[in-house]
$ cat final-v9.txt   # compact mmCIF, C-alpha atoms
# COMPACT_ATOMS: atom_id res chain seq x y z
CA MET A 234 59.38 45.19 26.97
CA ASP A 235 61.52 43.70 24.25
CA ARG A 236 62.53 46.12 21.53
CA PRO A 237 61.91 45.09 17.91
CA HIS A 238 64.48 43.34 15.76
CA LEU A 239 65.33 45.80 12.97
CA LEU A 240 66.95 45.13 9.63
CA HIS A 241 68.28 48.17 7.78
CA MET A 242 68.77 47.40 4.07
CA ILE A 243 71.32 49.59 2.27
CA SER A 244 71.32 49.60 -1.53
CA PRO A 245 73.19 51.70 -4.08
CA GLU A 246 70.38 50.80 -6.50
CA PRO A 247 67.09 52.72 -6.85
CA ASN A 248 65.26 49.91 -5.05
CA VAL A 249 65.83 46.92 -2.81
CA SER A 250 64.87 43.46 -3.95
CA PRO A 251 61.36 42.36 -2.91
CA PHE A 252 62.89 38.88 -2.60
CA ASP A 253 65.31 40.16 0.05
CA VAL A 254 62.53 41.99 1.90
CA ASN A 255 60.39 38.84 1.96
CA MET A 256 63.33 36.76 3.19
CA ALA A 257 64.04 39.29 5.96
CA TYR A 258 60.49 39.14 7.29
CA ASP A 259 60.43 35.35 6.94
CA ALA A 260 63.67 35.26 8.96
CA GLY A 261 61.83 36.94 11.82
CA PHE A 262 62.73 40.62 11.64
CA ASP A 263 60.00 42.83 13.09
CA ALA A 264 60.76 45.71 10.73
CA VAL A 265 62.72 46.02 7.50
CA ILE A 266 63.85 49.52 6.56
CA PRO A 267 65.18 50.12 3.02
CA TYR A 268 67.64 52.86 2.07
CA THR A 269 68.08 53.29 -1.68
CA ASN A 270 70.52 55.19 -3.89
CA VAL A 271 73.05 55.05 -1.05
CA ALA A 272 76.52 56.27 -1.99
CA LEU A 273 79.63 54.74 -0.45
CA LYS A 274 80.34 57.99 1.39
CA ASP A 275 76.95 57.76 3.14
CA VAL A 276 77.35 54.30 4.68
CA ARG A 277 79.33 55.24 7.77
CA GLY A 278 76.82 57.91 8.82
CA LEU A 279 73.85 55.62 8.26
CA VAL A 280 75.44 52.88 10.35
CA GLN A 281 76.21 55.30 13.15
CA ASP A 282 72.56 56.39 13.13
CA MET A 283 71.59 52.71 13.37
CA ILE A 284 73.80 52.04 16.39
CA PHE A 285 73.70 55.22 18.44
CA SER A 286 69.90 55.44 18.46
CA ARG A 287 69.66 52.21 20.49
CA SER A 288 70.93 51.06 23.86
CA VAL A 289 73.86 48.67 24.11
CA ASN A 290 71.40 45.80 24.67
CA ASP A 291 69.06 46.85 21.86
CA VAL A 292 71.85 47.32 19.35
CA LYS A 293 72.08 43.51 19.37
CA ARG A 294 68.59 43.52 17.84
CA THR A 295 69.77 45.63 14.91
CA ALA A 296 71.32 44.44 11.67
CA CYS A 297 72.44 45.94 8.38
CA PHE A 298 72.04 44.13 5.07
CA ILE A 299 73.99 45.46 2.07
CA CYS A 300 72.12 44.91 -1.18
CA GLY A 301 72.72 45.94 -4.78
CA ARG A 302 74.22 44.13 -7.73
CA ASP A 303 77.94 44.86 -7.43
CA ALA A 304 80.00 42.55 -5.23
CA SER A 305 82.99 44.87 -5.01
CA LEU A 306 80.85 47.85 -4.05
CA ALA A 307 79.03 45.73 -1.45
CA LEU A 308 82.39 44.74 0.09
CA ASP A 309 83.50 48.38 0.08
CA MET A 310 80.23 49.32 1.79
CA LEU A 311 80.86 46.60 4.38
CA ASP A 312 84.27 48.11 5.11
CA LYS A 313 82.68 51.55 5.59
CA ALA A 314 79.98 50.05 7.83
CA LYS A 315 82.58 48.35 10.03
CA ALA A 316 84.55 51.59 10.23
CA GLY A 317 81.44 53.35 11.54
CA MET A 318 80.98 51.05 14.52
CA VAL A 319 82.19 51.98 17.98
CA PRO A 320 82.37 49.06 20.44
CA PRO A 321 80.20 48.08 22.22
CA TYR A 322 77.87 49.71 19.67
CA GLU A 323 78.29 47.10 16.96
CA ILE A 324 75.71 45.43 14.74
CA SER A 325 75.66 42.45 12.46
CA CYS A 326 76.34 43.71 8.97
CA PHE A 327 76.32 41.41 5.98
CA PRO A 328 76.55 41.91 2.21
CA ASP A 329 74.76 39.68 -0.28
CA PRO A 330 74.32 41.67 -3.50
CA ALA A 331 71.73 40.00 -5.74
CA GLY A 332 71.99 36.93 -3.52
CA SER A 333 75.40 36.25 -5.00
CA PHE A 334 77.34 35.49 -1.83
CA THR A 335 74.80 33.01 -0.49
CA THR A 336 74.23 31.42 -3.91
CA ALA A 337 77.96 31.08 -4.58
CA ALA A 338 78.58 29.70 -1.09
CA ALA A 339 75.80 27.13 -1.54
CA MET A 340 77.13 26.09 -4.95
CA VAL A 341 80.67 25.64 -3.66
CA ALA A 342 79.43 23.87 -0.50
CA CYS A 343 77.50 21.38 -2.66
CA THR A 344 80.62 20.82 -4.74
CA GLU A 345 82.71 20.27 -1.61
CA LYS A 346 80.15 17.82 -0.21
CA LEU A 347 80.15 15.83 -3.44
CA LEU A 348 83.95 15.75 -3.48
CA LYS A 349 84.03 14.52 0.12
CA ASP A 350 81.23 11.93 -0.23
CA LYS A 351 82.13 10.51 -3.65
CA PHE A 352 85.88 11.03 -3.92
CA ASN A 353 87.09 11.53 -0.32
CA THR A 354 88.86 14.75 -1.30
CA THR A 355 88.55 18.53 -1.07
CA LEU A 356 88.93 21.48 -3.44
CA LYS A 357 92.52 22.00 -2.33
CA GLY A 358 94.83 21.76 -5.33
CA LEU A 359 92.05 21.05 -7.84
CA LYS A 360 91.64 23.09 -11.01
CA VAL A 361 88.19 24.68 -11.02
CA LYS A 362 86.86 26.54 -14.07
CA ILE A 363 83.95 28.87 -13.33
CA PHE A 364 81.91 29.58 -16.44
CA GLY A 365 80.02 32.85 -16.20
CA GLY A 366 82.94 33.96 -14.06
CA LYS A 367 82.58 37.66 -14.71
CA GLY A 368 79.06 37.59 -13.34
CA ILE A 369 78.41 38.27 -9.69
CA VAL A 370 77.71 34.65 -8.63
CA GLY A 371 80.49 33.19 -10.78
CA SER A 372 83.14 35.63 -9.63
CA ILE A 373 82.33 35.10 -5.96
CA SER A 374 82.36 31.32 -6.56
CA GLY A 375 85.89 31.76 -7.88
CA VAL A 376 86.93 33.65 -4.78
CA ILE A 377 85.46 30.98 -2.47
CA CYS A 378 87.08 28.14 -4.44
CA ALA A 379 90.46 29.90 -4.36
CA GLU A 380 90.13 30.52 -0.63
CA ALA A 381 89.51 26.76 -0.25
CA GLY A 382 92.82 26.08 -2.00
CA ALA A 383 91.62 25.42 -5.54
CA GLU A 384 93.22 26.87 -8.64
CA ALA A 385 90.19 28.89 -9.73
CA THR A 386 89.82 30.24 -13.25
CA LEU A 387 87.08 32.66 -14.27
CA VAL A 388 85.62 32.08 -17.74
CA GLY A 389 83.31 34.61 -19.39
CA TYR A 390 81.32 34.78 -22.59
CA ASP A 391 82.01 38.44 -23.35
CA GLY A 392 85.72 38.33 -23.98
CA ILE A 393 88.94 37.79 -22.14
CA ASP A 394 89.47 41.52 -21.48
CA ASN A 395 86.26 41.80 -19.42
CA VAL A 396 87.00 38.63 -17.48
CA LYS A 397 90.60 39.70 -16.96
CA ARG A 398 89.45 43.04 -15.48
CA LYS A 399 87.23 41.21 -12.98
CA ALA A 400 90.00 38.74 -12.16
CA GLU A 401 92.50 41.56 -11.61
CA GLU A 402 90.02 43.38 -9.38
CA PHE A 403 89.61 40.31 -7.18
CA LYS A 404 93.32 39.51 -7.30
CA ALA A 405 94.02 42.93 -5.81
CA ARG A 406 91.22 42.70 -3.24
CA PHE A 407 91.87 39.13 -2.07
CA GLU A 408 95.56 38.85 -3.01
CA ARG A 409 94.95 35.85 -5.26
CA ASP A 410 95.24 35.26 -9.02
CA TYR A 411 92.07 34.08 -10.78
CA ALA A 412 92.93 34.98 -14.36
CA GLU A 413 94.70 31.97 -15.93
CA LEU A 414 92.47 31.21 -18.93
CA GLU A 415 94.52 28.73 -21.00
CA LYS A 416 93.63 25.09 -21.56
CA LEU A 417 90.26 25.58 -19.92
CA ILE A 418 88.39 22.38 -20.53
CA LYS A 419 91.30 19.97 -20.75
CA THR A 420 92.87 21.08 -17.48
CA ALA A 421 89.71 21.35 -15.37
CA ASP A 422 89.08 18.94 -12.54
CA ILE A 423 85.79 20.71 -11.82
CA ARG A 424 83.63 22.96 -14.02
CA ILE A 425 81.06 25.25 -12.40
CA ASN A 426 78.43 26.76 -14.69

$ encode --input "final-v9.txt" --output "structure tokens"
Amino acid sequence: MDRPHLLHMISPEPNVSPFDVNMAYDAGFDAVIPYTNVALKDVRGLVQDMIFSRSVNDVKRTACFICGRDASLALDMLDKAKAGMVPPYEISCFPDPAGSFTTAAAMVACTEKLLKDKFNTTLKGLKVKIFGGKGIVGSISGVICAEAGAEATLVGYDGIDNVKRKAEEFKARFERDYAELEKLIKTADIRIN
């Protein structure tokens, strides 16, 4: 008998998104189990409960989805989840807080496709200005663009100090600089809004 495919959803928020739950069932999971108000310190233990309660074969039918609304916290939770795994007891674990990682990836992928199809070029070396850059989708778009070789600049509506804090946070995490905010419109090859 095949064991069910399980998706454990970890969220630091008081609830998980109904959108994410619907998507999980539509993706074919047999059961979706939400964990809410999860603190960073709790992630490792939860993941170990996910893996050690199944056989080596059945652990392959287990996944962990990290929800919430904070990209940095989701990445920290991913690190804790990975630290809790003991090969061969490993599960797929993926963060996508508020759909930001998938939305940002899709937006940048569409931009890359357009650049390739219309201009026979890539993001490498281009100046990309991401408006709404302090927000979760915008900031992750900046990270993806920078990883693709673009000079990514985050632009926010609520003041340079707030955007600068987010840029510094990602600079430290990803060892890149996203904070250059001068000559925004004139120097942009690409603007993402």

$ atom_distance --input "final-v9.txt" --atom1 "CA of Asp391 (chain A)" --atom2 "CA of Asp303 (chain A)"
17.6 Å

$ atom_distance --input "final-v9.txt" --atom1 "CA of Ile423 (chain A)" --atom2 "CA of Ala337 (chain A)"
14.9 Å

$ atom_distance --input "final-v9.txt" --atom1 "CA of Asp282 (chain A)" --atom2 "CA of Pro328 (chain A)"
18.6 Å

$ closest_residue --input "final-v9.txt" --among "A:Tyr268, A:Phe298, A:Phe262, A:Phe407" --to "Pro330 (chain A)" --atoms "all atoms listed in the file"
A:Phe298

$ residues_around --input "final-v9.txt" --residues "Leu308 (chain A)" --least-positions-apart "4" --cutoff "12 Å" --atoms "only C-alpha atoms" --output "ChimeraX atom specification"
/A:273,276,298-304,312-315,326-330,334,373,403,406-407

$ write_last_selection --input "final-v9.txt" --atoms "C-alpha atoms" --output "PDB file, in the coordinates of the input"
ATOM      1  CA  LEU A 273      79.630  54.740  -0.450  1.00  0.00           C
ATOM      2  CA  VAL A 276      77.350  54.300   4.680  1.00  0.00           C
ATOM      3  CA  PHE A 298      72.040  44.130   5.070  1.00  0.00           C
ATOM      4  CA  ILE A 299      73.990  45.460   2.070  1.00  0.00           C
ATOM      5  CA  CYS A 300      72.120  44.910  -1.180  1.00  0.00           C
ATOM      6  CA  GLY A 301      72.720  45.940  -4.780  1.00  0.00           C
ATOM      7  CA  ARG A 302      74.220  44.130  -7.730  1.00  0.00           C
ATOM      8  CA  ASP A 303      77.940  44.860  -7.430  1.00  0.00           C
ATOM      9  CA  ALA A 304      80.000  42.550  -5.230  1.00  0.00           C
ATOM     10  CA  ASP A 312      84.270  48.110   5.110  1.00  0.00           C
ATOM     11  CA  LYS A 313      82.680  51.550   5.590  1.00  0.00           C
ATOM     12  CA  ALA A 314      79.980  50.050   7.830  1.00  0.00           C
ATOM     13  CA  LYS A 315      82.580  48.350  10.030  1.00  0.00           C
ATOM     14  CA  CYS A 326      76.340  43.710   8.970  1.00  0.00           C
ATOM     15  CA  PHE A 327      76.320  41.410   5.980  1.00  0.00           C
ATOM     16  CA  PRO A 328      76.550  41.910   2.210  1.00  0.00           C
ATOM     17  CA  ASP A 329      74.760  39.680  -0.280  1.00  0.00           C
ATOM     18  CA  PRO A 330      74.320  41.670  -3.500  1.00  0.00           C
ATOM     19  CA  PHE A 334      77.340  35.490  -1.830  1.00  0.00           C
ATOM     20  CA  ILE A 373      82.330  35.100  -5.960  1.00  0.00           C
ATOM     21  CA  PHE A 403      89.610  40.310  -7.180  1.00  0.00           C
ATOM     22  CA  ARG A 406      91.220  42.700  -3.240  1.00  0.00           C
ATOM     23  CA  PHE A 407      91.870  39.130  -2.070  1.00  0.00           C
TER      24      PHE A 407
END

$ closest_residue --input "final-v9.txt" --among "A:Ala385, A:Ile363, A:Cys343, A:Val271" --to "Leu306 (chain A)" --atoms "all atoms listed in the file"
A:Val271

$ residues_near_point --input "final-v9.txt" --point "(68.9, 45.7, 25.8)" --cutoff "12 Å" --atoms "only C-alpha atoms" --output "PyMOL selection string"
chain A and resi 234-238+287-295+322

$ residues_around --input "final-v9.txt" --residues "Asp263 (chain A)" --least-positions-apart "2" --cutoff "9 Å" --atoms "all atoms listed in the file" --output "PyMOL selection string"
chain A and resi 237-240+257-258+261+265

$ closest_residue --input "final-v9.txt" --among "A:Ile369, A:Lys360, A:Glu401, A:Met310" --to "Ala383 (chain A)" --atoms "all atoms listed in the file"
A:Lys360

$ closest_residue --input "final-v9.txt" --among "A:Val388, A:Pro245, A:Asp422, A:Glu345" --to "Gly358 (chain A)" --atoms "only C-alpha atoms"
A:Asp422

$ residues_near_point --input "final-v9.txt" --point "(88.9, 24.6, -4.8)" --cutoff "10 Å" --atoms "all atoms listed in the file" --output "short mmCIF file (atom, residue, chain, number, x, y, z; two decimals) with C-alpha atoms, in the frame of the given file"
data_model
loop_
_atom_site.label_atom_id
_atom_site.label_comp_id
_atom_site.auth_asym_id
_atom_site.auth_seq_id
_atom_site.Cartn_x
_atom_site.Cartn_y
_atom_site.Cartn_z
CA VAL A 341 80.67 25.64 -3.66
CA THR A 344 80.62 20.82 -4.74
CA GLU A 345 82.71 20.27 -1.61
CA THR A 355 88.55 18.53 -1.07
CA LEU A 356 88.93 21.48 -3.44
CA LYS A 357 92.52 22.00 -2.33
CA GLY A 358 94.83 21.76 -5.33
CA LEU A 359 92.05 21.05 -7.84
CA LYS A 360 91.64 23.09 -11.01
CA VAL A 361 88.19 24.68 -11.02
CA LYS A 362 86.86 26.54 -14.07
CA SER A 374 82.36 31.32 -6.56
CA GLY A 375 85.89 31.76 -7.88
CA VAL A 376 86.93 33.65 -4.78
CA ILE A 377 85.46 30.98 -2.47
CA CYS A 378 87.08 28.14 -4.44
CA ALA A 379 90.46 29.90 -4.36
CA GLU A 380 90.13 30.52 -0.63
CA ALA A 381 89.51 26.76 -0.25
CA GLY A 382 92.82 26.08 -2.00
CA ALA A 383 91.62 25.42 -5.54
CA GLU A 384 93.22 26.87 -8.64
CA ALA A 385 90.19 28.89 -9.73
CA ASP A 422 89.08 18.94 -12.54
CA ILE A 423 85.79 20.71 -11.82
#

$ build_atoms --input "final-v9.txt" --residues "region 368-392 of chain A" --atoms "N, CA and C atoms" --output "JSON list (two decimals), keeping the file's coordinate frame"
[["chain", "number", "residue", "atom", "x", "y", "z"],
["A", 368, "GLY", "N", 80.30, 37.26, -14.03],
["A", 368, "GLY", "CA", 79.06, 37.59, -13.34],
["A", 368, "GLY", "C", 79.24, 37.55, -11.84],
["A", 369, "ILE", "N", 78.28, 38.09, -11.14],
["A", 369, "ILE", "CA", 78.41, 38.27, -9.69],
["A", 369, "ILE", "C", 78.48, 36.94, -8.94],
["A", 370, "VAL", "N", 77.67, 35.95, -9.31],
["A", 370, "VAL", "CA", 77.71, 34.65, -8.63],
["A", 370, "VAL", "C", 78.98, 33.89, -9.03],
["A", 371, "GLY", "N", 79.30, 33.90, -10.31],
["A", 371, "GLY", "CA", 80.49, 33.19, -10.78],
["A", 371, "GLY", "C", 81.76, 33.74, -10.19],
["A", 372, "SER", "N", 81.89, 35.05, -10.16],
["A", 372, "SER", "CA", 83.14, 35.63, -9.63],
["A", 372, "SER", "C", 83.30, 35.35, -8.14],
["A", 373, "ILE", "N", 82.23, 35.42, -7.39],
["A", 373, "ILE", "CA", 82.33, 35.10, -5.96],
["A", 373, "ILE", "C", 82.59, 33.61, -5.76],
["A", 374, "SER", "N", 82.05, 32.75, -6.62],
["A", 374, "SER", "CA", 82.36, 31.32, -6.56],
["A", 374, "SER", "C", 83.86, 31.10, -6.74],
["A", 375, "GLY", "N", 84.45, 31.85, -7.66],
["A", 375, "GLY", "CA", 85.89, 31.76, -7.88],
["A", 375, "GLY", "C", 86.68, 32.15, -6.65],
["A", 376, "VAL", "N", 86.25, 33.21, -6.00],
["A", 376, "VAL", "CA", 86.93, 33.65, -4.78],
["A", 376, "VAL", "C", 86.84, 32.56, -3.71],
["A", 377, "ILE", "N", 85.65, 32.00, -3.51],
["A", 377, "ILE", "CA", 85.46, 30.98, -2.47],
["A", 377, "ILE", "C", 86.28, 29.73, -2.78],
["A", 378, "CYS", "N", 86.28, 29.31, -4.05],
["A", 378, "CYS", "CA", 87.08, 28.14, -4.44],
["A", 378, "CYS", "C", 88.57, 28.39, -4.19],
["A", 379, "ALA", "N", 89.04, 29.57, -4.56],
["A", 379, "ALA", "CA", 90.46, 29.90, -4.36],
["A", 379, "ALA", "C", 90.79, 29.94, -2.87],
["A", 380, "GLU", "N", 89.89, 30.48, -2.07],
["A", 380, "GLU", "CA", 90.13, 30.52, -0.63],
["A", 380, "GLU", "C", 90.17, 29.11, -0.04],
["A", 381, "ALA", "N", 89.50, 28.15, -0.70],
["A", 381, "ALA", "CA", 89.51, 26.76, -0.25],
["A", 381, "ALA", "C", 90.72, 26.00, -0.78],
["A", 382, "GLY", "N", 91.59, 26.70, -1.52],
["A", 382, "GLY", "CA", 92.82, 26.08, -2.00],
["A", 382, "GLY", "C", 92.79, 25.58, -3.42],
["A", 383, "ALA", "N", 91.70, 25.84, -4.13],
["A", 383, "ALA", "CA", 91.62, 25.42, -5.54],
["A", 383, "ALA", "C", 92.35, 26.42, -6.43],
["A", 384, "GLU", "N", 92.71, 25.97, -7.61],
["A", 384, "GLU", "CA", 93.22, 26.87, -8.64],
["A", 384, "GLU", "C", 91.99, 27.29, -9.45],
["A", 385, "ALA", "N", 91.45, 28.44, -9.13],
["A", 385, "ALA", "CA", 90.19, 28.89, -9.73],
["A", 385, "ALA", "C", 90.45, 29.76, -10.95],
["A", 386, "THR", "N", 89.73, 29.47, -12.03],
["A", 386, "THR", "CA", 89.82, 30.24, -13.25],
["A", 386, "THR", "C", 88.44, 30.75, -13.62],
["A", 387, "LEU", "N", 88.34, 32.06, -13.85],
["A", 387, "LEU", "CA", 87.08, 32.66, -14.27],
["A", 387, "LEU", "C", 86.99, 32.61, -15.79],
["A", 388, "VAL", "N", 85.85, 32.17, -16.30],
["A", 388, "VAL", "CA", 85.62, 32.08, -17.74],
["A", 388, "VAL", "C", 84.37, 32.88, -18.05],
["A", 389, "GLY", "N", 84.46, 33.78, -19.04],
["A", 389, "GLY", "CA", 83.31, 34.61, -19.39],
["A", 389, "GLY", "C", 83.00, 34.53, -20.86],
["A", 390, "TYR", "N", 81.78, 34.84, -21.20],
["A", 390, "TYR", "CA", 81.32, 34.78, -22.59],
["A", 390, "TYR", "C", 81.62, 36.06, -23.35],
["A", 391, "ASP", "N", 81.91, 37.15, -22.66],
["A", 391, "ASP", "CA", 82.01, 38.44, -23.35],
["A", 391, "ASP", "C", 83.45, 38.91, -23.54],
["A", 392, "GLY", "N", 84.36, 37.98, -23.62],
["A", 392, "GLY", "CA", 85.72, 38.33, -23.98],
["A", 392, "GLY", "C", 86.69, 38.31, -22.82]]
